[in-house]
Structures are given as structure tokens and as C-alpha cells.
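J.: Structure file final_7.cif, mmCIF, C-alpha atoms and all ligand atoms, is pasted below:
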data_query
#
loop_
_atom_site.group_PDB
_atom_site.id
_atom_site.type_symbol
_atom_site.label_atom_id
_atom_site.label_comp_id
_atom_site.auth_asym_id
_atom_site.auth_seq_id
_atom_site.Cartn_x
_atom_site.Cartn_y
_atom_site.Cartn_z
ATOM 1 C CA MET A 503 43.519 -28.445 -24.293
ATOM 2 C CA ILE A 504 43.346 -28.516 -20.490
ATOM 3 C CA THR A 505 42.250 -24.877 -20.547
ATOM 4 C CA ASP A 506 39.435 -25.760 -22.971
ATOM 5 C CA ILE A 507 38.211 -28.581 -20.750
ATOM 6 C CA LEU A 508 38.368 -26.396 -17.671
ATOM 7 C CA GLU A 509 36.480 -23.595 -19.385
ATOM 8 C CA LYS A 510 33.766 -25.976 -20.607
ATOM 9 C CA SER A 511 33.428 -27.456 -17.114
ATOM 10 C CA ILE A 512 33.094 -24.027 -15.541
ATOM 11 C CA ASN A 513 30.416 -22.982 -18.075
ATOM 12 C CA TYR A 514 28.579 -26.250 -17.500
ATOM 13 C CA LEU A 515 28.591 -25.702 -13.721
ATOM 14 C CA LYS A 516 27.477 -22.075 -14.097
ATOM 15 C CA PHE A 517 24.597 -23.178 -16.340
ATOM 16 C CA TYR A 518 23.364 -25.704 -13.799
ATOM 17 C CA LYS A 519 23.906 -23.380 -10.882
ATOM 18 C CA ASP A 520 21.571 -20.863 -12.561
ATOM 19 C CA ARG A 521 19.037 -23.523 -13.513
ATOM 20 C CA ILE A 522 18.866 -24.838 -9.960
ATOM 21 C CA LYS A 523 18.651 -21.396 -8.410
ATOM 22 C CA LEU A 524 15.921 -19.969 -10.648
ATOM 23 C CA PRO A 525 12.778 -21.425 -9.032
ATOM 24 C CA LEU A 526 13.956 -20.553 -5.545
ATOM 25 C CA GLU A 527 14.646 -16.983 -6.501
ATOM 26 C CA LEU A 528 11.306 -16.581 -8.222
ATOM 27 C CA GLU A 529 9.512 -18.121 -5.326
ATOM 28 C CA LYS A 530 10.947 -15.920 -2.655
ATOM 29 C CA SER A 531 11.228 -12.678 -4.619
ATOM 30 C CA LYS A 532 8.069 -10.633 -4.663
ATOM 31 C CA GLN A 533 7.306 -9.502 -8.108
ATOM 32 C CA TYR A 534 7.257 -5.762 -7.724
ATOM 33 C CA PHE A 535 9.841 -3.344 -8.976
ATOM 34 C CA ILE A 536 9.744 0.361 -8.852
ATOM 35 C CA ASN A 537 11.020 3.312 -10.771
ATOM 36 C CA GLU A 538 10.240 6.958 -10.576
ATOM 37 C CA GLU A 539 10.031 9.754 -13.071
ATOM 38 C CA ASP A 540 9.218 13.407 -12.735
ATOM 39 C CA LYS A 541 6.212 14.348 -14.790
ATOM 40 C CA GLY A 542 5.966 18.089 -15.076
ATOM 41 C CA ASN A 543 3.171 20.104 -13.560
ATOM 42 C CA ILE A 544 -0.557 20.235 -13.212
ATOM 43 C CA ILE A 545 -2.852 22.873 -11.809
ATOM 44 C CA THR A 546 -4.408 22.233 -8.406
ATOM 45 C CA LYS A 547 -5.862 24.665 -5.891
ATOM 46 C CA ASP A 548 -5.221 27.509 -8.405
ATOM 47 C CA LYS A 549 -1.491 26.932 -8.251
ATOM 48 C CA GLU A 550 0.953 24.626 -9.853
ATOM 49 C CA GLU A 551 1.797 21.453 -7.955
ATOM 50 C CA SER A 552 4.631 19.261 -9.041
ATOM 51 C CA TYR A 553 3.754 15.651 -9.210
ATOM 52 C CA LYS A 554 5.665 12.471 -9.624
ATOM 53 C CA THR A 555 4.900 9.105 -11.154
ATOM 54 C CA ILE A 556 5.746 5.981 -9.198
ATOM 55 C CA ASN A 557 5.748 2.918 -11.413
ATOM 56 C CA ILE A 558 5.173 -0.457 -9.807
ATOM 57 C CA ILE A 559 5.906 -3.102 -12.392
ATOM 58 C CA GLU A 560 4.633 -6.562 -11.750
ATOM 59 C CA GLU A 561 6.848 -9.332 -13.024
ATOM 60 C CA GLU A 562 5.470 -12.574 -14.395
ATOM 61 C CA ASN A 563 5.526 -15.066 -11.537
ATOM 62 C CA LEU A 564 5.738 -18.662 -12.673
ATOM 63 C CA PHE A 565 5.293 -19.920 -9.124
ATOM 64 C CA ALA A 566 2.265 -17.909 -8.020
ATOM 65 C CA GLU A 567 0.891 -18.810 -4.612
ATOM 66 C CA GLU A 568 -2.759 -19.721 -4.214
ATOM 67 C CA TRP A 569 -3.789 -16.330 -2.806
ATOM 68 C CA GLU A 570 -2.382 -14.563 -5.852
ATOM 69 C CA LYS A 571 -5.040 -16.245 -7.969
ATOM 70 C CA SER A 572 -7.899 -14.704 -5.940
ATOM 71 C CA GLY A 573 -10.462 -13.004 -8.140
ATOM 72 C CA THR A 574 -12.292 -11.078 -5.413
ATOM 73 C CA LEU A 575 -11.462 -9.463 -2.097
ATOM 74 C CA ILE A 576 -13.563 -12.097 -0.349
ATOM 75 C CA ASP A 577 -11.454 -14.875 -1.888
ATOM 76 C CA LEU A 578 -8.283 -13.005 -1.041
ATOM 77 C CA ASN A 579 -9.330 -12.530 2.579
ATOM 78 C CA GLU A 580 -10.130 -16.243 2.851
ATOM 79 C CA SER A 581 -6.771 -17.194 1.360
ATOM 80 C CA ILE A 582 -4.578 -15.025 3.552
ATOM 81 C CA LYS A 583 -6.395 -14.667 6.877
ATOM 82 C CA TYR A 584 -4.320 -17.405 8.515
ATOM 83 C CA CYS A 585 -1.070 -16.013 7.123
ATOM 84 C CA THR A 586 2.081 -16.914 9.043
ATOM 85 C CA LYS A 587 4.640 -15.311 6.761
ATOM 86 C CA CYS A 588 6.073 -13.054 9.409
ATOM 87 C CA ASN A 589 6.361 -13.221 13.182
ATOM 88 C CA LEU A 590 3.395 -10.920 13.739
ATOM 89 C CA HIS A 591 1.050 -13.881 13.375
ATOM 90 C CA LYS A 592 2.335 -15.125 16.750
ATOM 91 C CA THR A 593 1.153 -12.074 18.644
ATOM 92 C CA ARG A 594 -1.970 -10.994 16.768
ATOM 93 C CA THR A 595 -5.451 -11.499 18.145
ATOM 94 C CA ASN A 596 -7.062 -10.960 14.769
ATOM 95 C CA PHE A 597 -5.913 -10.535 11.222
ATOM 96 C CA VAL A 598 -7.192 -7.190 9.881
ATOM 97 C CA PHE A 599 -7.873 -7.408 6.169
ATOM 98 C CA GLY A 600 -9.630 -4.071 5.667
ATOM 99 C CA SER A 601 -13.230 -3.036 5.194
ATOM 100 C CA GLY A 602 -15.538 -0.985 3.046
ATOM 101 C CA ASN A 603 -16.649 -0.828 -0.545
ATOM 102 C CA HIS A 604 -14.896 -3.524 -2.605
ATOM 103 C CA LYS A 605 -15.334 -1.525 -5.802
ATOM 104 C CA SER A 606 -14.638 1.931 -4.425
ATOM 105 C CA ASP A 607 -12.813 4.642 -6.343
ATOM 106 C CA ILE A 608 -10.955 5.461 -3.131
ATOM 107 C CA VAL A 609 -8.661 3.382 -0.939
ATOM 108 C CA ILE A 610 -7.491 4.774 2.398
ATOM 109 C CA ILE A 611 -4.230 3.237 3.601
ATOM 110 C CA GLY A 612 -2.770 3.439 7.093
ATOM 111 C CA GLU A 613 0.192 1.835 8.772
ATOM 112 C CA ALA A 614 -0.897 -1.210 10.779
ATOM 113 C CA PRO A 615 -3.658 -2.299 13.148
ATOM 114 C CA GLY A 616 -3.538 -0.873 16.671
ATOM 115 C CA SER A 617 -4.793 -2.555 19.824
ATOM 116 C CA GLU A 618 -8.499 -1.918 19.195
ATOM 117 C CA GLU A 619 -8.211 -3.004 15.553
ATOM 118 C CA ASP A 620 -6.399 -6.149 16.650
ATOM 119 C CA LEU A 621 -9.195 -6.939 19.101
ATOM 120 C CA GLN A 622 -12.031 -6.285 16.659
ATOM 121 C CA GLY A 623 -10.386 -7.455 13.425
ATOM 122 C CA GLN A 624 -11.439 -4.192 11.762
ATOM 123 C CA PRO A 625 -9.312 -1.277 10.528
ATOM 124 C CA PHE A 626 -9.507 2.182 12.064
ATOM 125 C CA VAL A 627 -11.820 1.596 14.979
ATOM 126 C CA GLY A 628 -11.356 3.305 18.344
ATOM 127 C CA ARG A 629 -10.589 7.002 18.700
ATOM 128 C CA ALA A 630 -8.401 7.322 15.622
ATOM 129 C CA GLY A 631 -11.039 5.478 13.617
ATOM 130 C CA MET A 632 -13.755 7.834 14.802
ATOM 131 C CA LEU A 633 -11.634 10.769 13.753
ATOM 132 C CA LEU A 634 -11.063 9.186 10.336
ATOM 133 C CA THR A 635 -14.842 8.845 9.957
ATOM 134 C CA LYS A 636 -15.187 12.570 10.740
ATOM 135 C CA MET A 637 -12.413 13.430 8.262
ATOM 136 C CA LEU A 638 -14.234 11.505 5.558
ATOM 137 C CA ASN A 639 -17.588 13.057 6.465
ATOM 138 C CA SER A 640 -16.015 16.512 6.166
ATOM 139 C CA ILE A 641 -15.490 15.874 2.455
ATOM 140 C CA ASN A 642 -18.926 14.280 1.967
ATOM 141 C CA LEU A 643 -17.734 10.683 2.151
ATOM 142 C CA ASN A 644 -18.780 7.830 4.411
ATOM 143 C CA ARG A 645 -16.730 4.834 5.434
ATOM 144 C CA GLU A 646 -18.983 2.674 3.254
ATOM 145 C CA ASP A 647 -17.980 4.751 0.208
ATOM 146 C CA VAL A 648 -14.291 3.891 0.480
ATOM 147 C CA PHE A 649 -12.113 0.893 1.236
ATOM 148 C CA ILE A 650 -9.936 1.222 4.350
ATOM 149 C CA CYS A 651 -6.896 -0.930 5.049
ATOM 150 C CA ASN A 652 -3.322 -0.888 6.289
ATOM 151 C CA ILE A 653 0.112 -1.768 4.956
ATOM 152 C CA LEU A 654 0.359 -4.545 7.567
ATOM 153 C CA LYS A 655 -2.547 -6.850 8.324
ATOM 154 C CA CYS A 656 -1.409 -7.801 11.836
ATOM 155 C CA ARG A 657 -0.590 -5.620 14.798
ATOM 156 C CA PRO A 658 3.068 -5.037 15.702
ATOM 157 C CA PRO A 659 3.338 -5.631 19.479
ATOM 158 C CA GLY A 660 3.096 -2.445 21.523
ATOM 159 C CA ASN A 661 2.360 -0.528 18.302
ATOM 160 C CA ARG A 662 6.041 -0.476 17.446
ATOM 161 C CA ASN A 663 7.048 0.500 13.919
ATOM 162 C CA PRO A 664 6.745 -2.295 11.360
ATOM 163 C CA LEU A 665 10.012 -4.007 10.487
ATOM 164 C CA PRO A 666 11.313 -4.108 6.903
ATOM 165 C CA GLU A 667 10.878 -7.891 6.644
ATOM 166 C CA GLU A 668 7.262 -7.588 7.864
ATOM 167 C CA ILE A 669 6.535 -5.010 5.174
ATOM 168 C CA LYS A 670 8.242 -7.136 2.555
ATOM 169 C CA MET A 671 6.061 -10.099 3.435
ATOM 170 C CA CYS A 672 2.796 -8.194 3.774
ATOM 171 C CA GLU A 673 2.946 -5.518 1.075
ATOM 172 C CA PRO A 674 2.134 -7.926 -1.791
ATOM 173 C CA TYR A 675 -1.291 -8.422 -0.154
ATOM 174 C CA LEU A 676 -1.903 -4.675 -0.358
ATOM 175 C CA MET A 677 -0.872 -4.696 -4.022
ATOM 176 C CA LYS A 678 -3.333 -7.478 -4.700
ATOM 177 C CA GLN A 679 -6.074 -5.590 -2.839
ATOM 178 C CA LEU A 680 -5.403 -2.539 -4.995
ATOM 179 C CA LYS A 681 -5.521 -4.597 -8.173
ATOM 180 C CA LEU A 682 -8.850 -6.143 -7.185
ATOM 181 C CA ILE A 683 -10.450 -2.892 -6.050
ATOM 182 C CA ASN A 684 -9.021 -0.968 -9.011
ATOM 183 C CA PRO A 685 -9.434 2.476 -7.381
ATOM 184 C CA GLU A 686 -8.778 5.874 -8.905
ATOM 185 C CA PHE A 687 -7.417 7.441 -5.716
ATOM 186 C CA ILE A 688 -5.356 6.559 -2.673
ATOM 187 C CA LEU A 689 -5.288 8.645 0.476
ATOM 188 C CA ALA A 690 -2.215 7.619 2.469
ATOM 189 C CA LEU A 691 -2.404 8.314 6.196
ATOM 190 C CA GLY A 692 0.834 9.200 7.938
ATOM 191 C CA SER A 693 4.479 9.161 7.016
ATOM 192 C CA PHE A 694 4.947 5.451 7.427
ATOM 193 C CA ALA A 695 2.210 4.478 4.967
ATOM 194 C CA ALA A 696 3.269 7.173 2.517
ATOM 195 C CA GLN A 697 6.959 6.312 2.648
ATOM 196 C CA THR A 698 6.263 2.605 2.255
ATOM 197 C CA ILE A 699 3.934 3.040 -0.687
ATOM 198 C CA LEU A 700 6.148 5.591 -2.396
ATOM 199 C CA LYS A 701 9.425 3.810 -1.555
ATOM 200 C CA THR A 702 10.948 6.962 -0.200
ATOM 201 C CA LYS A 703 12.509 8.272 3.007
ATOM 202 C CA GLU A 704 11.230 11.802 2.446
ATOM 203 C CA PRO A 705 9.490 13.233 5.510
ATOM 204 C CA LEU A 706 5.736 13.777 5.567
ATOM 205 C CA GLY A 707 6.251 17.526 5.156
ATOM 206 C CA LYS A 708 7.759 16.914 1.732
ATOM 207 C CA LEU A 709 5.132 14.382 0.667
ATOM 208 C CA ARG A 710 2.058 16.442 1.534
ATOM 209 C CA GLU A 711 0.531 18.955 -0.865
ATOM 210 C CA ARG A 712 1.632 16.862 -3.802
ATOM 211 C CA ILE A 713 -0.111 14.477 -6.136
ATOM 212 C CA PHE A 714 1.544 11.191 -6.941
ATOM 213 C CA ASN A 715 0.647 9.021 -9.873
ATOM 214 C CA TYR A 716 0.933 5.526 -8.525
ATOM 215 C CA ASN A 717 1.141 3.198 -11.494
ATOM 216 C CA ILE A 718 0.485 -0.457 -10.773
ATOM 217 C CA SER A 719 1.166 -2.462 -13.884
ATOM 218 C CA GLY A 720 -0.371 0.170 -16.128
ATOM 219 C CA LYS A 721 -3.220 1.375 -13.881
ATOM 220 C CA VAL A 722 -2.487 4.879 -12.661
ATOM 221 C CA ILE A 723 -3.923 5.743 -9.261
ATOM 222 C CA ARG A 724 -3.660 9.305 -8.008
ATOM 223 C CA MET A 725 -2.414 9.549 -4.480
ATOM 224 C CA ILE A 726 -2.365 12.228 -1.810
ATOM 225 C CA VAL A 727 -0.687 12.046 1.580
ATOM 226 C CA THR A 728 -1.920 13.473 4.855
ATOM 227 C CA PHE A 729 -1.517 13.036 8.602
ATOM 228 C CA HIS A 730 -2.579 9.852 10.375
ATOM 229 C CA PRO A 731 -5.638 10.466 12.593
ATOM 230 C CA ALA A 732 -3.769 9.003 15.586
ATOM 231 C CA ALA A 733 -1.126 11.713 15.080
ATOM 232 C CA LEU A 734 -3.871 14.338 14.952
ATOM 233 C CA LEU A 735 -5.174 13.170 18.313
ATOM 234 C CA ARG A 736 -1.718 13.774 19.778
ATOM 235 C CA ASN A 737 -1.135 17.037 17.874
ATOM 236 C CA PRO A 738 -4.411 18.912 17.325
ATOM 237 C CA HIS A 739 -2.563 21.804 15.633
ATOM 238 C CA TRP A 740 -2.057 19.504 12.621
ATOM 239 C CA LYS A 741 -5.807 19.513 11.984
ATOM 240 C CA LYS A 742 -5.656 22.679 9.890
ATOM 241 C CA PRO A 743 -3.053 21.357 7.403
ATOM 242 C CA THR A 744 -4.991 18.077 7.316
ATOM 243 C CA TRP A 745 -8.090 19.995 6.312
ATOM 244 C CA GLU A 746 -6.082 21.581 3.468
ATOM 245 C CA ASP A 747 -5.046 18.100 2.304
ATOM 246 C CA LEU A 748 -8.609 16.862 2.455
ATOM 247 C CA LYS A 749 -9.841 19.843 0.441
ATOM 248 C CA MET A 750 -7.201 19.088 -2.173
ATOM 249 C CA PHE A 751 -8.286 15.454 -2.227
ATOM 250 C CA LYS A 752 -11.929 16.450 -2.567
ATOM 251 C CA ALA A 753 -11.152 18.835 -5.440
ATOM 252 C CA LEU A 754 -9.412 16.042 -7.312
ATOM 253 C CA TYR A 755 -12.182 13.565 -6.626
ATOM 254 C CA ASP A 756 -14.931 16.009 -7.599
ATOM 255 C CA GLU A 757 -13.091 16.779 -10.816
ATOM 256 C CA TYR A 758 -12.867 13.058 -11.552
ATOM 257 C CA LYS A 759 -16.595 12.586 -10.927
ATOM 258 C CA ARG A 760 -17.465 15.561 -13.148
ATOM 259 C CA ASN A 761 -15.392 14.165 -15.999
ATOM 260 C CA LYS A 762 -16.850 10.704 -15.505
ATOM 261 C CA ASN A 763 -20.469 11.864 -15.810
HETATM 262 S S1 LIG B 801 1.583 -9.026 9.032
HETATM 263 FE FE1 LIG B 801 1.096 -9.704 6.959
HETATM 264 S S2 LIG B 801 2.763 -11.087 6.400
HETATM 265 FE FE2 LIG B 801 2.830 -10.859 8.636
HETATM 266 S S3 LIG B 801 1.599 -12.568 9.405
HETATM 267 FE FE3 LIG B 801 0.234 -10.802 9.209
HETATM 268 S S4 LIG B 801 -0.706 -11.012 7.186
HETATM 269 FE FE4 LIG B 801 1.112 -12.340 7.225
#
Please rewrite the model in this file as C-alpha cells.
Ligand code: SF4
T.:
Amino acid sequence: MITDILEKSINYLKFYKDRIKLPLELEKSKQYFINEEDKGNIITKDKEESYKTINIIEEENLFAEEWEKSGTLIDLNESIKYCTKCNLHKTRTNFVFGSGNHKSDIVIIGEAPGSEEDLQGQPFVGRAGMLLTKMLNSINLNREDVFICNILKCRPPGNRNPLPEEIKMCEPYLMKQLKLINPEFILALGSFAAQTILKTKEPLGKLRERIFNYNISGKVIRMIVTFHPAALLRNPHWKKPTWEDLKMFKALYDEYKRNKN
């Protein structure tokens, strides 16, 4: 008898504990989960390249924040430009949303704004930005053809590496940008951007020369990884492998355009 009463009381408490906790958990958890699967082979550059599918699954969020309801990049920018979700808002000069074609087939993603980007509020300006423009021009693209942004929208002081909690807070904005732009391709610049997007610790050397299928809630975006232009400025001998990556990217993009027409 006493055991029955105790058991009922415990179940009752457990039920209410879960009921009370649910909204808080939904509110603070971001709604993205990930799984990976190997997907065989395709032919690129006259040789077989293994590729992998990264599935980002968006969970229903009953407590969506205002910015999540944005229907355009302009709305999204307006909703998040005063963001204070992580400590980087205290040291930024400007929030750097990203720039370029809002309906582009291509999104270029770097790590975080540097000092010049922080001052101007624009991504990839300064020397690294000029080099990125040249890289794009080399494969017949202009900055206006693509959308350029970073994982983080505010500059980490002294260009230090982003912290995990900063990425956790900021990455949902990138996901929303990708959903609104709806691109066919991502070019990830540098190991940090690639590792963050692909949720991996693999070094850049193992992520280059591969094609990833990045699946955001059913939309598959093909992704290639290459060096960050700032790294190329420090290590000019990486320009040749970068050129190989860009040629691979161009071949994929040209093939896409051919099939589209
Ligand atoms: S880095 Fe991202 S999460 Fe942090 S304050 Fe800036 S916009 Fe907000």
C-alpha cells in the first residue's frame, strides 16, 4: 500500500518535472541535429572522389524567436543586427551580416570578421577580401554573383579563434541565411569554417578535394572546402592547391548550369 502511494507520488513528480522543464529546454536548445552517412562515389576531375552527406535536421520549435520568422535576408539582418547573445557584442564595432546576391546559387563562408570587416561592417574587405575577389574572378565570378558571410557575425577580439559557445549562439543565423538564400553550392574558406559547418575535427587536408552534400532539412547543397585567403597571404605556396580547389568548384558549378539550361 505504502509502496503504491510512493510509486504514484514519484510518477506524479516526474510528470510535472518534465512538463515544467520542456519550454525551457526548447527555448535554449537550437533546433539543429546532425548525422552523417557515406554515399558512394561520383566522378569529378576525371577521377573518383568520395563524398559524404551531412544531414542537418531542423526540429519543430514551438518557441521560435522573432528573427526566425524572417522571410527575407533584409528582415533577418534587421532582426539580428543588435544581437547580444554572446559576449562578442561588447567588443564589436559593427555587426557583419554578409553581403552579395540574396538569391545566389553560391554562398561563400568564412570564419569571422577581422579588424577591417569589423570597422566597415562588411565581410571580406581588406587584403584577404581583395584576394577573395581575385579568387572568384579567376573562375569567372564576381562578388555580386555570390553571397559572402561568416560563421560568426561579430569579430572575436584580436582575431582569436571563436569559442564554442559563440558558435553555438551564432550558427543558427547562418542556417537561417542559407535557408533564405537557398543556394546550390557552398565554398567554405579555411579549416575553421569547414570544421564548424561539417561538425568534424578533420584537418583541412582531409576535407579538401572532396564534395560534401550538406542537407538542410531536405535541401541538399554541395560543398567544397579550400584555404582561407588570409592563410594564402601568409603562405603563398598554398595558392596552387587553392587553384585546384577552385577549378573543381567551377567544374561542378558549370555542370550545374549546363543541366539547368
Ligand atoms: S557573434 Fe553572433 S551570437 Fe554573438 S553577439 Fe554577434 S551576432 Fe550575436
J.: What's around Ser601 (chain A) at 9 Å? Count only C-alpha atoms, leave out sequence neighbours fewer than 6 positions away in its own chain, and write the answer as a list in words.
T.: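 Once the nearby chain positions are removed, what remains is Gln624, Pro625, Arg645, Glu646, Val648, Phe649, Ile650 and Cys651 of chain A.
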J.: Can you check which parts of chain A lie within 10 Å of ligand LIG 801 (chain B)? Per residue, the shortest pair of atoms and distance in Å to one decimal, counting only C-alpha atoms and all ligand atoms, sorted by chain and number, as a Markdown table.
T.:
| residue | atom | partner | partner_atom | distance |
| --- | --- | --- | --- | --- |
| A:Asn579 | CA | B:LIG801 | S4 | 9.9 |
| A:Ile582 | CA | B:LIG801 | S4 | 6.7 |
| A:Lys583 | CA | B:LIG801 | S4 | 6.8 |
| A:Tyr584 | CA | B:LIG801 | S4 | 7.5 |
| A:Cys585 | CA | B:LIG801 | FE4 | 4.3 |
| A:Thr586 | CA | B:LIG801 | S3 | 4.4 |
| A:Lys587 | CA | B:LIG801 | FE4 | 4.6 |
| A:Cys588 | CA | B:LIG801 | FE2 | 4.0 |
| A:Asn589 | CA | B:LIG801 | S3 | 6.1 |
| A:Leu590 | CA | B:LIG801 | S3 | 5.0 |
| A:His591 | CA | B:LIG801 | S3 | 4.2 |
| A:Lys592 | CA | B:LIG801 | S3 | 7.8 |
| A:Thr593 | CA | B:LIG801 | S3 | 9.3 |
| A:Arg594 | CA | B:LIG801 | FE3 | 7.9 |
| A:Asn596 | CA | B:LIG801 | FE3 | 9.2 |
| A:Phe597 | CA | B:LIG801 | FE3 | 6.5 |
| A:Val598 | CA | B:LIG801 | S4 | 8.0 |
| A:Phe599 | CA | B:LIG801 | S4 | 8.1 |
| A:Ala614 | CA | B:LIG801 | S1 | 8.4 |
| A:Pro615 | CA | B:LIG801 | S1 | 9.5 |
| A:Asn652 | CA | B:LIG801 | FE1 | 9.9 |
| A:Ile653 | CA | B:LIG801 | FE1 | 8.2 |
| A:Leu654 | CA | B:LIG801 | S1 | 4.9 |
| A:Lys655 | CA | B:LIG801 | S4 | 4.7 |
| A:Cys656 | CA | B:LIG801 | S1 | 4.3 |
| A:Arg657 | CA | B:LIG801 | S1 | 7.0 |
| A:Pro658 | CA | B:LIG801 | S1 | 7.9 |
| A:Pro664 | CA | B:LIG801 | S1 | 8.8 |
| A:Leu665 | CA | B:LIG801 | S1 | 9.9 |
| A:Glu667 | CA | B:LIG801 | S2 | 8.7 |
| A:Glu668 | CA | B:LIG801 | FE2 | 5.6 |
| A:Ile669 | CA | B:LIG801 | S2 | 7.3 |
| A:Lys670 | CA | B:LIG801 | S2 | 7.8 |
| A:Met671 | CA | B:LIG801 | S2 | 4.5 |
| A:Cys672 | CA | B:LIG801 | S2 | 3.9 |
| A:Glu673 | CA | B:LIG801 | FE1 | 7.5 |
| A:Pro674 | CA | B:LIG801 | S2 | 8.8 |
| A:Tyr675 | CA | B:LIG801 | FE1 | 7.6 |
| A:Leu676 | CA | B:LIG801 | FE1 | 9.4 |
J.: Between A:Met750, A:Trp745, A:Thr595, A:Ile718, which has the minimum distance to Gln679 (chain A) (counting all atoms listed in the file)?
T.: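 Counting all atoms listed in the file, the residue closest to Gln679 (chain A) is A:Ile718.
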J.: Apply the PyMOL selection byres (((chain A and resi 715) around 7) and not hetatm) to the file shown and report the selected residues as a list in words.
T.: Lys554, Thr555, Ile556, Ile713, Phe714, Tyr716, Asn717, Val722, Ile723, Arg724 and Met725 of chain A
J.: Translate the PyMOL selection byres (((chain A and resi 699) around 9) and not hetatm) into a concrete residue list for this structure, as an MDAnalysis selection string.
T.: chainID A and resid 653 673 690 694:698 700:702 716
J.: Counting all atoms listed in the file, figure out which residue out of A:Asp620, A:Met637, A:Lys759, A:Arg629 gets nearest to Asp747 (chain A).
T.: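 Result for the nearest residue to Asp747 (chain A): A:Met637.
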J.: Just the residues within 7 Å of Thr728 (chain A), please, counting only C-alpha atoms, with nothing from its chain fewer than 2 positions along; format it as a VMD selection string.
T.: chain A and resid 690 to 692 710 726 730 744 747
J.: Quick one, how far is CA of Lys741 (chain A) from CA of Arg662 (chain A)?
T.: 23.9 Å
J.: At a cut-off of 8 Å, using only C-alpha atoms, what residues contact Ala630 (chain A)? Leave out same-chain residues fewer than 2 positions from it and give the result as a list of chain:residue names.
T.: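 The filter keeps A:Phe626, A:Val627, A:Gly628, A:Met632, A:Leu633, A:Leu634, A:Pro731, A:Ala732, A:Leu735.
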J.: Counting all atoms listed in the file, which residues sit no farther than 10 Å from the position (-14.1, 6.1, -5.9) in the file's frame? I'd like them as a count of residues only.
T.: 19
J.: Name the residues that the PyMOL selection byres (((chain A and resi 574) around 9) and not hetatm) pulls out of this structure, and write them as a PyMOL selection string.
T.: chain A and resi 572-573+575-579+604+679+682-683
